[in-house]
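Student: For reference, the file run29.cif (mmCIF, N, CA and C atoms) is included below:
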data_input
#
loop_
_atom_site.label_atom_id
_atom_site.label_comp_id
_atom_site.auth_asym_id
_atom_site.auth_seq_id
_atom_site.Cartn_x
_atom_site.Cartn_y
_atom_site.Cartn_z
N MET Z 267 161.09 104.55 -67.85
CA MET Z 267 159.96 103.72 -67.47
C MET Z 267 160.42 102.28 -67.33
N SER Z 268 159.73 101.55 -66.47
CA SER Z 268 160.08 100.16 -66.24
C SER Z 268 159.49 99.28 -67.35
N THR Z 269 159.95 98.05 -67.39
CA THR Z 269 159.45 97.10 -68.38
C THR Z 269 157.96 96.88 -68.23
N VAL Z 270 157.51 96.76 -66.98
CA VAL Z 270 156.07 96.54 -66.72
C VAL Z 270 155.26 97.73 -67.22
N ALA Z 271 155.76 98.93 -67.00
CA ALA Z 271 155.05 100.13 -67.46
C ALA Z 271 154.95 100.16 -68.99
N TRP Z 272 156.03 99.79 -69.67
CA TRP Z 272 155.99 99.75 -71.13
C TRP Z 272 155.01 98.69 -71.62
N LEU Z 273 154.99 97.54 -70.95
CA LEU Z 273 154.04 96.49 -71.34
C LEU Z 273 152.60 96.93 -71.11
N ARG Z 274 152.36 97.61 -70.00
CA ARG Z 274 151.01 98.11 -69.73
C ARG Z 274 150.60 99.15 -70.76
N LEU Z 275 151.51 100.01 -71.15
CA LEU Z 275 151.21 101.01 -72.17
C LEU Z 275 150.89 100.32 -73.50
N ALA Z 276 151.69 99.32 -73.87
CA ALA Z 276 151.42 98.57 -75.11
C ALA Z 276 150.07 97.88 -75.03
N ALA Z 277 149.74 97.31 -73.87
CA ALA Z 277 148.45 96.63 -73.71
C ALA Z 277 147.30 97.63 -73.80
N ALA Z 278 147.45 98.78 -73.20
CA ALA Z 278 146.40 99.80 -73.25
C ALA Z 278 146.19 100.31 -74.67
N LEU Z 279 147.28 100.55 -75.39
CA LEU Z 279 147.16 101.00 -76.78
C LEU Z 279 146.52 99.92 -77.66
N ALA Z 280 146.90 98.67 -77.44
CA ALA Z 280 146.30 97.58 -78.21
C ALA Z 280 144.81 97.45 -77.90
N ALA Z 281 144.44 97.61 -76.63
CA ALA Z 281 143.02 97.55 -76.26
C ALA Z 281 142.25 98.70 -76.89
N LEU Z 282 142.83 99.88 -76.91
CA LEU Z 282 142.19 101.03 -77.56
C LEU Z 282 142.04 100.78 -79.06
N GLN Z 283 143.06 100.22 -79.67
CA GLN Z 283 142.99 99.90 -81.10
C GLN Z 283 141.90 98.85 -81.36
N PHE Z 284 141.78 97.86 -80.47
CA PHE Z 284 140.73 96.85 -80.62
C PHE Z 284 139.34 97.49 -80.57
N VAL Z 285 139.11 98.35 -79.58
CA VAL Z 285 137.79 98.99 -79.45
C VAL Z 285 137.50 99.86 -80.66
N ALA Z 286 138.46 100.67 -81.09
CA ALA Z 286 138.24 101.56 -82.23
C ALA Z 286 138.03 100.77 -83.52
N HIS Z 287 138.86 99.77 -83.76
CA HIS Z 287 138.76 98.98 -84.99
C HIS Z 287 137.43 98.23 -85.04
N THR Z 288 137.05 97.63 -83.92
CA THR Z 288 135.81 96.87 -83.89
C THR Z 288 134.60 97.78 -84.08
N ALA Z 289 134.57 98.91 -83.40
CA ALA Z 289 133.45 99.84 -83.52
C ALA Z 289 133.33 100.37 -84.95
N ALA Z 290 134.46 100.75 -85.54
CA ALA Z 290 134.42 101.27 -86.91
C ALA Z 290 134.05 100.19 -87.91
N PHE Z 291 134.54 98.99 -87.70
CA PHE Z 291 134.32 97.92 -88.66
C PHE Z 291 132.88 97.41 -88.63
N VAL Z 292 132.36 97.21 -87.43
CA VAL Z 292 131.01 96.66 -87.30
C VAL Z 292 129.95 97.66 -87.76
N ARG Z 293 130.20 98.94 -87.58
CA ARG Z 293 129.22 99.96 -87.95
C ARG Z 293 129.46 100.54 -89.35
N TYR Z 294 130.27 99.89 -90.17
CA TYR Z 294 130.64 100.41 -91.49
C TYR Z 294 129.43 100.56 -92.41
N VAL Z 295 129.35 101.71 -93.06
CA VAL Z 295 128.35 101.98 -94.10
C VAL Z 295 129.10 102.68 -95.23
N PRO Z 296 128.93 102.22 -96.49
CA PRO Z 296 129.63 102.87 -97.60
C PRO Z 296 129.28 104.36 -97.66
N ALA Z 297 130.31 105.21 -97.71
CA ALA Z 297 130.08 106.65 -97.68
C ALA Z 297 130.90 107.41 -98.73
N HIS Z 298 131.55 106.68 -99.66
CA HIS Z 298 132.43 107.33 -100.62
C HIS Z 298 131.84 107.35 -102.02
N GLY Z 299 130.54 107.36 -102.12
CA GLY Z 299 129.90 107.49 -103.41
C GLY Z 299 129.36 106.19 -103.98
N PRO Z 300 128.75 106.29 -105.16
CA PRO Z 300 128.09 105.13 -105.77
C PRO Z 300 129.06 104.02 -106.19
N ALA Z 301 130.29 104.35 -106.50
CA ALA Z 301 131.25 103.32 -106.91
C ALA Z 301 131.53 102.38 -105.73
N GLU Z 302 131.73 102.94 -104.55
CA GLU Z 302 131.98 102.11 -103.38
C GLU Z 302 130.75 101.28 -103.03
N THR Z 303 129.58 101.88 -103.12
CA THR Z 303 128.33 101.15 -102.85
C THR Z 303 128.18 99.98 -103.81
N ALA Z 304 128.53 100.20 -105.08
CA ALA Z 304 128.43 99.13 -106.08
C ALA Z 304 129.41 97.99 -105.77
N VAL Z 305 130.61 98.32 -105.32
CA VAL Z 305 131.59 97.29 -104.98
C VAL Z 305 131.10 96.45 -103.81
N VAL Z 306 130.59 97.11 -102.77
CA VAL Z 306 130.09 96.39 -101.60
C VAL Z 306 128.90 95.51 -101.98
N ALA Z 307 128.00 96.05 -102.80
CA ALA Z 307 126.84 95.27 -103.25
C ALA Z 307 127.28 94.05 -104.06
N ALA Z 308 128.28 94.22 -104.91
CA ALA Z 308 128.78 93.09 -105.70
C ALA Z 308 129.44 92.05 -104.80
N MET Z 309 130.18 92.50 -103.79
CA MET Z 309 130.80 91.56 -102.86
C MET Z 309 129.75 90.77 -102.08
N GLN Z 310 128.63 91.42 -101.76
CA GLN Z 310 127.57 90.75 -101.02
C GLN Z 310 126.74 89.84 -101.91
N ALA Z 311 126.63 90.17 -103.18
CA ALA Z 311 125.75 89.43 -104.09
C ALA Z 311 126.38 88.15 -104.63
N HIS Z 312 127.67 88.17 -104.91
CA HIS Z 312 128.32 87.01 -105.52
C HIS Z 312 128.55 85.94 -104.45
N ARG Z 313 127.87 84.81 -104.58
CA ARG Z 313 127.96 83.72 -103.60
C ARG Z 313 128.62 82.51 -104.24
N PHE Z 314 129.36 81.76 -103.43
CA PHE Z 314 130.05 80.57 -103.93
C PHE Z 314 130.26 79.61 -102.78
N SER Z 315 130.62 78.38 -103.10
CA SER Z 315 130.87 77.37 -102.08
C SER Z 315 132.29 77.54 -101.57
N PHE Z 316 132.43 77.65 -100.25
CA PHE Z 316 133.74 77.82 -99.64
C PHE Z 316 133.76 77.04 -98.34
N GLY Z 317 134.58 76.02 -98.26
CA GLY Z 317 134.67 75.21 -97.06
C GLY Z 317 133.39 74.45 -96.76
N GLY Z 318 132.64 74.13 -97.78
CA GLY Z 318 131.39 73.40 -97.60
C GLY Z 318 130.20 74.27 -97.26
N PHE Z 319 130.37 75.58 -97.27
CA PHE Z 319 129.29 76.50 -96.95
C PHE Z 319 129.11 77.50 -98.08
N GLU Z 320 127.92 78.04 -98.19
CA GLU Z 320 127.63 79.08 -99.18
C GLU Z 320 128.09 80.42 -98.60
N ARG Z 321 129.06 81.05 -99.24
CA ARG Z 321 129.64 82.30 -98.75
C ARG Z 321 129.68 83.35 -99.85
N SER Z 322 129.96 84.58 -99.46
CA SER Z 322 130.17 85.67 -100.41
C SER Z 322 131.54 86.29 -100.12
N TYR Z 323 131.99 87.13 -101.04
CA TYR Z 323 133.25 87.83 -100.81
C TYR Z 323 133.11 88.75 -99.59
N TRP Z 324 131.91 89.30 -99.40
CA TRP Z 324 131.68 90.17 -98.24
C TRP Z 324 131.84 89.38 -96.94
N ASP Z 325 131.35 88.13 -96.91
CA ASP Z 325 131.52 87.29 -95.72
C ASP Z 325 133.00 87.13 -95.39
N LEU Z 326 133.82 86.87 -96.40
CA LEU Z 326 135.26 86.70 -96.18
C LEU Z 326 135.91 88.00 -95.71
N TYR Z 327 135.53 89.11 -96.33
CA TYR Z 327 136.05 90.42 -95.95
C TYR Z 327 135.68 90.74 -94.50
N TYR Z 328 134.43 90.52 -94.17
CA TYR Z 328 133.94 90.81 -92.82
C TYR Z 328 134.63 89.91 -91.80
N GLY Z 329 134.75 88.63 -92.11
CA GLY Z 329 135.42 87.70 -91.21
C GLY Z 329 136.88 88.07 -91.00
N TYR Z 330 137.56 88.51 -92.05
CA TYR Z 330 138.95 88.92 -91.92
C TYR Z 330 139.06 90.15 -91.00
N GLY Z 331 138.13 91.07 -91.13
CA GLY Z 331 138.13 92.25 -90.27
C GLY Z 331 137.94 91.89 -88.81
N LEU Z 332 137.03 90.95 -88.55
CA LEU Z 332 136.81 90.51 -87.17
C LEU Z 332 138.04 89.76 -86.65
N LEU Z 333 138.67 88.98 -87.50
CA LEU Z 333 139.89 88.28 -87.11
C LEU Z 333 141.01 89.27 -86.76
N ALA Z 334 141.13 90.34 -87.53
CA ALA Z 334 142.13 91.36 -87.24
C ALA Z 334 141.84 92.02 -85.90
N ALA Z 335 140.57 92.31 -85.61
CA ALA Z 335 140.21 92.91 -84.33
C ALA Z 335 140.52 91.95 -83.18
N PHE Z 336 140.21 90.67 -83.37
CA PHE Z 336 140.49 89.68 -82.32
C PHE Z 336 142.00 89.56 -82.08
N SER Z 337 142.79 89.65 -83.14
CA SER Z 337 144.25 89.58 -82.98
C SER Z 337 144.77 90.73 -82.12
N VAL Z 338 144.21 91.91 -82.31
CA VAL Z 338 144.63 93.06 -81.50
C VAL Z 338 144.20 92.87 -80.05
N LEU Z 339 143.01 92.30 -79.83
CA LEU Z 339 142.58 92.01 -78.47
C LEU Z 339 143.53 91.00 -77.81
N LEU Z 340 143.92 90.00 -78.56
CA LEU Z 340 144.86 89.01 -78.04
C LEU Z 340 146.20 89.66 -77.68
N GLU Z 341 146.66 90.60 -78.50
CA GLU Z 341 147.88 91.34 -78.18
C GLU Z 341 147.73 92.07 -76.85
N ALA Z 342 146.59 92.73 -76.66
CA ALA Z 342 146.37 93.49 -75.42
C ALA Z 342 146.43 92.56 -74.21
N VAL Z 343 145.86 91.38 -74.32
CA VAL Z 343 145.88 90.43 -73.21
C VAL Z 343 147.30 89.93 -72.95
N LEU Z 344 148.02 89.63 -74.02
CA LEU Z 344 149.37 89.08 -73.85
C LEU Z 344 150.39 90.11 -73.38
N PHE Z 345 150.18 91.38 -73.73
CA PHE Z 345 151.12 92.41 -73.32
C PHE Z 345 150.96 92.81 -71.86
N TRP Z 346 149.78 92.53 -71.28
CA TRP Z 346 149.57 92.90 -69.89
C TRP Z 346 150.44 92.00 -69.01
N PRO Z 347 151.02 92.54 -67.94
CA PRO Z 347 151.88 91.73 -67.08
C PRO Z 347 151.17 90.50 -66.51
N ARG Z 348 151.95 89.58 -66.02
CA ARG Z 348 151.48 88.25 -65.61
C ARG Z 348 150.33 88.26 -64.63
N PHE Z 349 150.28 89.20 -63.68
CA PHE Z 349 149.25 89.12 -62.66
C PHE Z 349 147.85 89.25 -63.25
N PHE Z 350 147.73 89.70 -64.48
CA PHE Z 350 146.43 89.77 -65.15
C PHE Z 350 145.81 88.39 -65.25
N PHE Z 351 146.63 87.36 -65.37
CA PHE Z 351 146.14 86.00 -65.59
C PHE Z 351 145.74 85.29 -64.30
N LEU Z 352 145.93 85.91 -63.14
CA LEU Z 352 145.63 85.25 -61.88
C LEU Z 352 144.14 84.93 -61.74
N ALA Z 353 143.26 85.88 -62.01
CA ALA Z 353 141.82 85.64 -61.86
C ALA Z 353 141.32 84.51 -62.76
N PRO Z 354 141.65 84.51 -64.07
CA PRO Z 354 141.19 83.39 -64.89
C PRO Z 354 141.78 82.05 -64.46
N ILE Z 355 143.01 82.05 -63.99
CA ILE Z 355 143.63 80.79 -63.55
C ILE Z 355 142.89 80.26 -62.32
N VAL Z 356 142.55 81.13 -61.39
CA VAL Z 356 141.82 80.69 -60.19
C VAL Z 356 140.45 80.13 -60.59
N MET Z 357 139.74 80.82 -61.48
CA MET Z 357 138.43 80.35 -61.92
C MET Z 357 138.55 79.02 -62.66
N ASP Z 358 139.52 78.91 -63.56
CA ASP Z 358 139.70 77.66 -64.30
C ASP Z 358 140.08 76.51 -63.37
N ALA Z 359 140.89 76.80 -62.37
CA ALA Z 359 141.25 75.77 -61.40
C ALA Z 359 140.01 75.32 -60.62
N GLY Z 360 139.14 76.26 -60.28
CA GLY Z 360 137.90 75.91 -59.60
C GLY Z 360 136.99 75.04 -60.45
N VAL Z 361 136.88 75.39 -61.73
CA VAL Z 361 136.07 74.58 -62.65
C VAL Z 361 136.67 73.18 -62.78
N GLY Z 362 137.98 73.11 -62.96
CA GLY Z 362 138.64 71.82 -63.08
C GLY Z 362 138.48 70.97 -61.83
N ALA Z 363 138.62 71.59 -60.66
CA ALA Z 363 138.45 70.84 -59.41
C ALA Z 363 137.02 70.33 -59.28
N SER Z 364 136.04 71.16 -59.63
CA SER Z 364 134.63 70.74 -59.56
C SER Z 364 134.36 69.57 -60.49
N LEU Z 365 134.88 69.64 -61.70
CA LEU Z 365 134.68 68.55 -62.65
C LEU Z 365 135.39 67.28 -62.17
N GLY Z 366 136.58 67.42 -61.62
CA GLY Z 366 137.30 66.26 -61.09
C GLY Z 366 136.56 65.61 -59.94
N LEU Z 367 136.04 66.42 -59.01
CA LEU Z 367 135.28 65.87 -57.88
C LEU Z 367 133.99 65.21 -58.36
N ALA Z 368 133.33 65.81 -59.36
CA ALA Z 368 132.12 65.19 -59.91
C ALA Z 368 132.45 63.84 -60.53
N TRP Z 369 133.58 63.76 -61.23
CA TRP Z 369 133.99 62.51 -61.86
C TRP Z 369 134.29 61.44 -60.80
N LEU Z 370 135.01 61.86 -59.74
CA LEU Z 370 135.31 60.91 -58.67
C LEU Z 370 134.03 60.42 -58.00
N GLU Z 371 133.10 61.33 -57.77
CA GLU Z 371 131.83 60.95 -57.15
C GLU Z 371 131.07 59.98 -58.05
N ALA Z 372 131.03 60.26 -59.33
CA ALA Z 372 130.29 59.41 -60.27
C ALA Z 372 130.97 58.05 -60.43
N SER Z 373 132.29 58.01 -60.43
CA SER Z 373 132.98 56.74 -60.63
C SER Z 373 132.94 55.86 -59.38
N GLY Z 374 132.68 56.43 -58.22
CA GLY Z 374 132.61 55.67 -56.99
C GLY Z 374 131.28 54.98 -56.77
N ARG Z 375 130.25 55.41 -57.46
CA ARG Z 375 128.93 54.82 -57.30
C ARG Z 375 128.79 53.58 -58.15
N ALA Z 376 127.93 52.65 -57.68
CA ALA Z 376 127.62 51.46 -58.48
C ALA Z 376 126.75 51.89 -59.64
N ARG Z 377 127.10 51.44 -60.80
CA ARG Z 377 126.31 51.80 -61.99
C ARG Z 377 125.22 50.76 -62.19
N PRO Z 378 124.00 51.20 -62.53
CA PRO Z 378 122.92 50.24 -62.76
C PRO Z 378 123.19 49.43 -64.01
N GLU Z 379 122.73 48.20 -64.00
CA GLU Z 379 122.86 47.34 -65.19
C GLU Z 379 121.98 47.88 -66.29
N CYS Z 380 122.27 47.50 -67.49
CA CYS Z 380 121.51 47.94 -68.66
C CYS Z 380 120.04 47.54 -68.49
N GLY Z 381 119.14 48.49 -68.63
CA GLY Z 381 117.72 48.24 -68.52
C GLY Z 381 117.20 48.37 -67.10
N GLU Z 382 118.07 48.51 -66.11
CA GLU Z 382 117.64 48.64 -64.73
C GLU Z 382 117.33 50.10 -64.45
N ALA Z 383 116.26 50.35 -63.75
CA ALA Z 383 115.84 51.71 -63.44
C ALA Z 383 116.76 52.30 -62.38
N VAL Z 384 117.03 53.57 -62.51
CA VAL Z 384 117.83 54.28 -61.52
C VAL Z 384 116.88 54.83 -60.47
N ARG Z 385 117.13 54.53 -59.21
CA ARG Z 385 116.25 55.01 -58.14
C ARG Z 385 116.97 56.10 -57.35
N GLY Z 386 116.18 57.06 -56.97
CA GLY Z 386 116.73 58.14 -56.15
C GLY Z 386 117.64 59.05 -56.95
N GLY Z 387 117.44 60.30 -56.85
CA GLY Z 387 118.26 61.26 -57.60
C GLY Z 387 119.52 61.58 -56.85
N GLY Z 388 120.48 62.18 -57.55
CA GLY Z 388 121.77 62.61 -57.17
C GLY Z 388 122.05 62.96 -55.82
#
Could I get this file's structure written as structure tokens?
Tutor:
Amino acid sequence: MSTVAWLRLAAALAALQFVAHTAAFVRYVPAHGPAETAVVAAMQAHRFSFGGFERSYWDLYYGYGLLAAFSVLLEAVLFWPRFFFLAPIVMDAGVGASLGLAWLEASGRARPECGEAVRGGG
């Protein structure tokens, strides 16, 4: 197999892992008996200040799981060959050009003095 084919396979497997991990993680319900239910309840109940916000151990656990899923999604994007990035680059270039033209248009107009009413719209 070629290098591109191996990269596509790695990207596809990473994307599949992202979908499976995210679906399993987001829909998680304790199913291994009362001991597991008690641990999850304790993680959700104990709250403390973390980074200036009121958090629980469950919040940290859940956030870490989402971070792990996002990392796998990032792998899938990075493993795909370069032409995958063409569409976002074209769109971003269009957004950048539009913002640049808007800035040029705005900077070319006379600005009203402070307290002076602006007449006529854009």
Student: Please provide as a ChimeraX atom specification all residues within 10 Å of Val292 of chain Z, with the sequence filter that same-chain residues fewer than 6 positions apart are discarded (counting only C-alpha atoms).
Tutor: /Z:328,331-332
Student: Using DSSP on the backbone coordinates, identify all residues within segment 303-367 of chain Z classified as strand (DSSP E); present the result as a list in words.
Tutor: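 Of segment 303-367 of chain Z, only Arg313, Phe314, Ser315, Phe316, Phe319, Glu320, Arg321 and Ser322 of chain Z fall in strand (DSSP E).
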Student: Any chance you could resolve the PyMOL selection byres ((chain Z and resi 278-283) around 7) against this file and give the residues as a PyMOL selection string?
Tutor: chain Z and resi 273-277+284-288+335+338-339+341-343+346
Student: Let's see if you can do this: from backbone DSSP, list all alpha helix (DSSP H) residues in chain Z, as a PyMOL selection string.
Tutor: chain Z and resi 269-292+300-311+323-345+352-374
Student: Quick check, in Å to one decimal: how far apart do atom CA of Ala297 of chain Z and atom N of Glu320 of chain Z lie?
Tutor: 28.7 Å
Student: Fewer than 6 positions away in the same chain doesn't count, so skip those; otherwise give me all residues within 8 Å of Ala308 of chain Z, counting all atoms listed in the file, as a PyMOL selection string.
Tutor: chain Z and resi 302+322-324
